[in-house]
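A.B. asks: One structure, pasted below without further comment.
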Amino acid sequence: MTALSRLLQRRTGKGVYGNLLQEIRLEDPESFRQYHRLDRESFERVLETVGPSIRKVDTSMRTSISPGERLAITLRFLATGETFRSLAFQFRIGERTVSNIVDETCQALYSTMKEQYMRVPTTTEEWMEIAMEFNERWNYPCCIGAIDGKHIAIQQPENSGSEYFNYKHFFSVVLLALVNANYKFIYVDVGAAGRAGDAGIFANSALKKALSENSLNLPPAEEIDGISPSKINYHIVGDDAFPLSLKLMKPYPHRNLDQPKQIFNYRLSRARRVVENAFGILSNRFRVFLTTINLRPDKVQHVILAACCLHNYMVENNKIAYISICDSEDTNHTLTAGLWRKDHPLTGQQPTTDRNPKVDAKLQRQLLTEYFNSDCGAVPWQNDIFSK
């Protein structure tokens with residue numbers, strides 16, 4: 001028997017799960033939260049959900065690793081991005097076993113949580129609720145979500161050439177996400193190679209297909225006070241990377257803009273910031289996304305999907321924890337950058353190559369511009385933003 005084997009045999013008595021983690025679970029809830037990036041109550045609730053899917057059977061040769069320990073290993077990986085070798089020493093488990101545990105548990109987290117925490121809205125009423133929250137929180141009407149892409153850094157996959165090499169000059173897979181007004185992911189497209197642009201990923205996504213086929217049960221176009229009798233379609237907001245359409249509004253190009261158009265860009269940006277903040281919260285909590293992940297792209301997908309489910313769970317159950325992390329506005333609506341912006345920068349923009357949006361899409365953007373500059377649609381502080 002090797003020295004390493006002897007070390008691993010003493011897992012129950014000497015490993016971090018049977019010692020340190022049990023101590024802080026009972027005596028130091030804050031350290032428990034910092035270690036797992038979930039508080040004790042959330043850990044237990046997630047374990048109750050995922051436990052049956054990751055439970056293994058004891059054999060005559062050895063006792064299986066418990067679901068609690070499997071979840072702890074996976075959360076520690078998500079929380080830090082540290083190597084499987086480092087985790088293997090801490091938990092006194094073989095390095096390959098740690099790798100298998102992380103992948104299996106991530107898959108189980110997604111499969112057991114997606115229906116409750118990652119379900120795309122399917123009814124008109126659900127979309128209306130999202131739009132009402134955007135209007136109440138961010139003063140933007142008829143918005144069903146903010147969309148953006150984030151590059152997740154990975155080691156170059158074998159025999160992949162430049163497929164995963166992005167325009168920011170590192171290897172990545174892309175997380176394309178639609179986010180509601182409360183920083184919750186309501187749709188994700190995961191795993192596109194880094195060389196693909198946001199617009200291209202969106203064009204080939206299930207979301208774009210559903211929008212084109214009108215299969216999402218979106219509310220009908222609505223009259224808005226100040227621009228009646230014209231109607232505004234319920235739509236997504238995005239940045240310059242996306243093509244302008246009736247169902248996706250983007251800013252005016254940033255050149256020689258008059259103040260009404262600047263105000264439109266400000267109001268759209270204010271609504272769109274939720275997706276940037278959602279990515280920031282995700283990376284701030286699960287700092288594996290601030291590292292270069294040394295896994296195959298298919299396994300990186302499992303990691304991303306599991307983290308998105310956990311993120312949504314935490315948004316729904318611990319919203320106050322995000323206040324200091326997110327961007328915020330003071331009483332004068334001056335923006336204060338959230339803590340996440342001090343972390344690794346998000347992906348920048350790749351302007352879309354679609355230079356000829358349809359006339360009706362341009363007209364809708366103009367109608368929204370008129371609304372934001374009308375007595376009915378203006379917010380009291382918007383002119384002050386441009387006079388500072």
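In the structure tokens, chains take letters A, B, ... by order of appearance, with residues numbered from 1 within each chain and ligands from 1 in the order shown.
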Give me the residues within 8 Å of His36 in chain A as JSON, numbers by chain, counting only C-alpha atoms and dropping any in the same chain fewer than 4 places off.
C.D. replies: {"A": [32, 72, 75, 76, 79]}
A.B. asks: As JSON, numbers by chain, please: the residues near Met128 in chain A (cut-off 10 Å, only C-alpha atoms, same-chain neighbours under 2 positions excluded).
C.D. replies: {"A": [123, 124, 125, 126, 130, 131, 132, 133, 134, 142, 143, 144, 218, 219, 234]}
A.B. asks: Residues as selected, C-alpha atoms, written as a CSV table (one decimal), in the first residue's frame, can you do that?
C.D. replies:
```csv
chain,number,residue,atom,x,y,z
A,123,THR,CA,-47.8,31.8,-20.7
A,124,THR,CA,-48.8,35.3,-21.5
A,125,GLU,CA,-49.4,36.0,-17.8
A,126,GLU,CA,-45.8,35.0,-16.9
A,130,ILE,CA,-41.7,40.0,-16.1
A,131,ALA,CA,-42.6,43.1,-18.1
A,132,MET,CA,-44.4,44.7,-15.2
A,133,GLU,CA,-41.3,44.2,-13.0
A,134,PHE,CA,-39.1,45.8,-15.7
A,142,CYS,CA,-43.0,46.0,-22.7
A,143,CYS,CA,-39.6,44.4,-21.8
A,144,ILE,CA,-39.5,40.6,-21.4
A,218,LEU,CA,-45.9,36.8,-25.7
A,219,PRO,CA,-48.6,39.4,-24.9
A,234,TYR,CA,-43.2,43.1,-26.2
```
A.B. asks: Between CA of Gly68 in chain A and CA of Leu47 in chain A, what is the distance in Å, rounded to a tenth?
C.D. replies: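 Taking CA of Gly68 in chain A and CA of Leu47 in chain A, their separation equals 6.6 Å.
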A.B. asks: To one decimal in Å, tell me the separation between CA of Gly280 in chain A and CA of Ile24 in chain A.
C.D. replies: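 Interatomic distance here is 27.6 Å.
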A.B. asks: Can you pull out every residue within 9 Å of range 310-319 of chain A, counting only C-alpha atoms, but drop anything in the same chain fewer than 4 positions away, and send it as a PyMOL selection string?
C.D. replies: chain A and resi 38+42+46+109-110+113+116-118+182-186+278+281-282+285-286+305-306+323
A.B. asks: Counting only C-alpha atoms, which of A:Gln156, A:Ser212, A:Asn233, A:Ser205 gets nearest to Thr292 in chain A?
C.D. replies: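 Of A:Gln156, A:Ser212, A:Asn233, A:Ser205, the one nearest Thr292 in chain A is A:Gln156, counting only C-alpha atoms.
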A.B. asks: What does the distance from CA of Cys106 in chain A to CA of Thr74 in chain A come to in Å, to one decimal?
C.D. replies: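 One can read the CA of Cys106 in chain A to CA of Thr74 in chain A distance as 7.3 Å.
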A.B. asks: Once DSSP has gone over the backbone, tell me which residues of range 77-248 of chain A are in alpha helix (DSSP H), as a PyMOL selection string.
C.D. replies: chain A and resi 77-80+84-91+95-117+124-138+198-203+206-212
A.B. asks: Excluding range 271-277 of chain A and its own-chain neighbours fewer than 4 positions away, which residues fall within 9 Å of it when counting only C-alpha atoms? Please give them as a ChimeraX atom specification.
C.D. replies: /A:134-135,137-140,143,145-150,177-185,237-239,266-267,281-282,325-327,338,340-341,346
A.B. asks: Those same residues - N, CA, C and O atoms - I'd like them written as a tab-separated table (two decimals), in the first residue's frame.
C.D. replies:
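selection.tsv was written with the following content:
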```tsv
chain	number	residue	atom	x	y	z
A	134	PHE	N	-39.99	44.92	-14.99
A	134	PHE	CA	-39.07	45.83	-15.68
A	134	PHE	C	-39.57	47.26	-15.63
A	134	PHE	O	-38.79	48.20	-15.44
A	135	ASN	N	-40.86	47.44	-15.81
A	135	ASN	CA	-41.41	48.80	-15.81
A	135	ASN	C	-41.35	49.41	-14.42
A	135	ASN	O	-41.03	50.59	-14.26
A	137	ARG	N	-39.29	48.50	-11.81
A	137	ARG	CA	-37.94	48.64	-11.27
A	137	ARG	C	-37.04	49.51	-12.13
A	137	ARG	O	-36.19	50.24	-11.63
A	138	TRP	N	-37.20	49.43	-13.46
A	138	TRP	CA	-36.24	50.06	-14.37
A	138	TRP	C	-36.90	51.04	-15.33
A	138	TRP	O	-36.23	51.54	-16.24
A	139	ASN	N	-38.20	51.29	-15.16
A	139	ASN	CA	-38.91	52.31	-15.94
A	139	ASN	C	-38.80	52.07	-17.44
A	139	ASN	O	-38.60	52.99	-18.23
A	140	TYR	N	-38.92	50.80	-17.82
A	140	TYR	CA	-38.86	50.45	-19.23
A	140	TYR	C	-40.06	49.56	-19.55
A	140	TYR	O	-40.20	48.48	-18.97
A	143	CYS	N	-40.88	45.14	-21.78
A	143	CYS	CA	-39.60	44.41	-21.83
A	143	CYS	C	-39.77	43.04	-21.19
A	143	CYS	O	-40.21	42.93	-20.05
A	145	GLY	N	-37.11	40.82	-21.03
A	145	GLY	CA	-35.82	40.30	-20.63
A	145	GLY	C	-34.68	41.07	-21.25
A	145	GLY	O	-34.84	41.75	-22.28
A	146	ALA	N	-33.51	40.97	-20.62
A	146	ALA	CA	-32.28	41.56	-21.15
A	146	ALA	C	-31.34	40.44	-21.55
A	146	ALA	O	-31.19	39.46	-20.81
A	147	ILE	N	-30.72	40.55	-22.72
A	147	ILE	CA	-29.91	39.47	-23.26
A	147	ILE	C	-28.46	39.92	-23.45
A	147	ILE	O	-28.18	41.08	-23.77
A	148	ASP	N	-27.53	39.00	-23.21
A	148	ASP	CA	-26.11	39.27	-23.44
A	148	ASP	C	-25.37	37.94	-23.42
A	148	ASP	O	-25.93	36.89	-23.06
A	149	GLY	N	-24.10	37.98	-23.80
A	149	GLY	CA	-23.25	36.80	-23.78
A	149	GLY	C	-22.05	37.01	-22.89
A	149	GLY	O	-21.56	38.13	-22.75
A	150	LYS	N	-21.58	35.94	-22.27
A	150	LYS	CA	-20.38	35.98	-21.44
A	150	LYS	C	-19.45	34.85	-21.85
A	150	LYS	O	-19.88	33.70	-21.99
A	177	ALA	N	-27.47	34.47	-22.28
A	177	ALA	CA	-28.52	34.42	-21.27
A	177	ALA	C	-29.53	35.54	-21.45
A	177	ALA	O	-29.19	36.66	-21.82
A	178	LEU	N	-30.79	35.20	-21.15
A	178	LEU	CA	-31.88	36.16	-21.04
A	178	LEU	C	-32.23	36.25	-19.56
A	178	LEU	O	-32.43	35.23	-18.90
A	179	VAL	N	-32.28	37.48	-19.04
A	179	VAL	CA	-32.40	37.71	-17.60
A	179	VAL	C	-33.61	38.59	-17.32
A	179	VAL	O	-33.90	39.52	-18.08
A	180	ASN	N	-34.32	38.30	-16.22
A	180	ASN	CA	-35.46	39.14	-15.87
A	180	ASN	C	-35.03	40.35	-15.04
A	180	ASN	O	-33.84	40.56	-14.82
A	181	ALA	N	-35.98	41.13	-14.56
A	181	ALA	CA	-35.66	42.38	-13.87
A	181	ALA	C	-35.00	42.17	-12.52
A	181	ALA	O	-34.45	43.10	-11.94
A	182	ASN	N	-35.03	40.93	-12.02
A	182	ASN	CA	-34.48	40.64	-10.69
A	182	ASN	C	-33.21	39.80	-10.76
A	182	ASN	O	-32.87	39.09	-9.80
A	183	TYR	N	-32.50	39.85	-11.89
A	183	TYR	CA	-31.21	39.18	-12.08
A	183	TYR	C	-31.32	37.66	-12.18
A	183	TYR	O	-30.34	36.95	-11.99
A	184	LYS	N	-32.48	37.16	-12.50
A	184	LYS	CA	-32.67	35.71	-12.62
A	184	LYS	C	-32.58	35.29	-14.09
A	184	LYS	O	-33.17	35.93	-14.96
A	185	PHE	N	-31.85	34.20	-14.35
A	185	PHE	CA	-31.76	33.67	-15.70
A	185	PHE	C	-33.09	32.99	-16.07
A	185	PHE	O	-33.55	32.10	-15.36
A	237	VAL	N	-34.27	43.50	-24.64
A	237	VAL	CA	-33.29	44.57	-24.83
A	237	VAL	C	-31.89	43.97	-24.85
A	237	VAL	O	-31.57	43.05	-24.09
A	238	GLY	N	-31.06	44.47	-25.76
A	238	GLY	CA	-29.70	43.97	-25.89
A	238	GLY	C	-28.75	45.10	-26.24
A	238	GLY	O	-29.15	46.26	-26.37
A	239	ASP	N	-27.47	44.77	-26.39
A	239	ASP	CA	-26.48	45.79	-26.72
A	239	ASP	C	-26.20	45.79	-28.22
A	239	ASP	O	-26.93	45.19	-29.01
A	266	TYR	N	-29.86	55.74	-22.71
A	266	TYR	CA	-29.72	55.67	-21.25
A	266	TYR	C	-30.80	54.77	-20.65
A	266	TYR	O	-30.52	53.91	-19.81
A	267	ARG	N	-32.03	54.97	-21.08
A	267	ARG	CA	-33.14	54.20	-20.51
A	267	ARG	C	-33.02	52.71	-20.88
A	267	ARG	O	-33.29	51.83	-20.06
A	281	ILE	N	-22.87	38.76	-10.61
A	281	ILE	CA	-23.24	38.03	-9.40
A	281	ILE	C	-22.80	36.57	-9.51
A	281	ILE	O	-22.23	36.00	-8.57
A	282	LEU	N	-23.05	35.97	-10.67
A	282	LEU	CA	-22.68	34.57	-10.89
A	282	LEU	C	-21.19	34.36	-10.68
A	282	LEU	O	-20.77	33.43	-9.97
A	325	ILE	N	-23.32	43.61	-4.19
A	325	ILE	CA	-22.62	43.08	-5.35
A	325	ILE	C	-23.06	43.79	-6.62
A	325	ILE	O	-22.27	44.05	-7.52
A	326	CYS	N	-24.35	44.13	-6.71
A	326	CYS	CA	-24.92	44.72	-7.93
A	326	CYS	C	-24.59	46.19	-8.06
A	326	CYS	O	-24.30	46.87	-7.08
A	327	ASP	N	-24.69	46.69	-9.29
A	327	ASP	CA	-24.72	48.14	-9.49
A	327	ASP	C	-25.91	48.72	-8.72
A	327	ASP	O	-26.94	48.06	-8.55
A	338	GLY	N	-21.15	48.06	-8.93
A	338	GLY	CA	-21.19	46.95	-7.99
A	338	GLY	C	-19.82	46.33	-7.78
A	338	GLY	O	-18.89	46.54	-8.58
A	340	TRP	N	-18.85	43.38	-8.20
A	340	TRP	CA	-18.43	42.42	-9.22
A	340	TRP	C	-17.59	43.08	-10.30
A	340	TRP	O	-16.78	42.39	-10.96
A	341	ARG	N	-17.75	44.38	-10.52
A	341	ARG	CA	-17.00	45.03	-11.60
A	341	ARG	C	-15.50	45.13	-11.28
A	341	ARG	O	-14.71	45.48	-12.16
A	346	LEU	N	-15.97	41.36	-17.93
A	346	LEU	CA	-16.86	40.58	-18.79
A	346	LEU	C	-16.43	40.74	-20.24
A	346	LEU	O	-15.61	41.57	-20.59
```
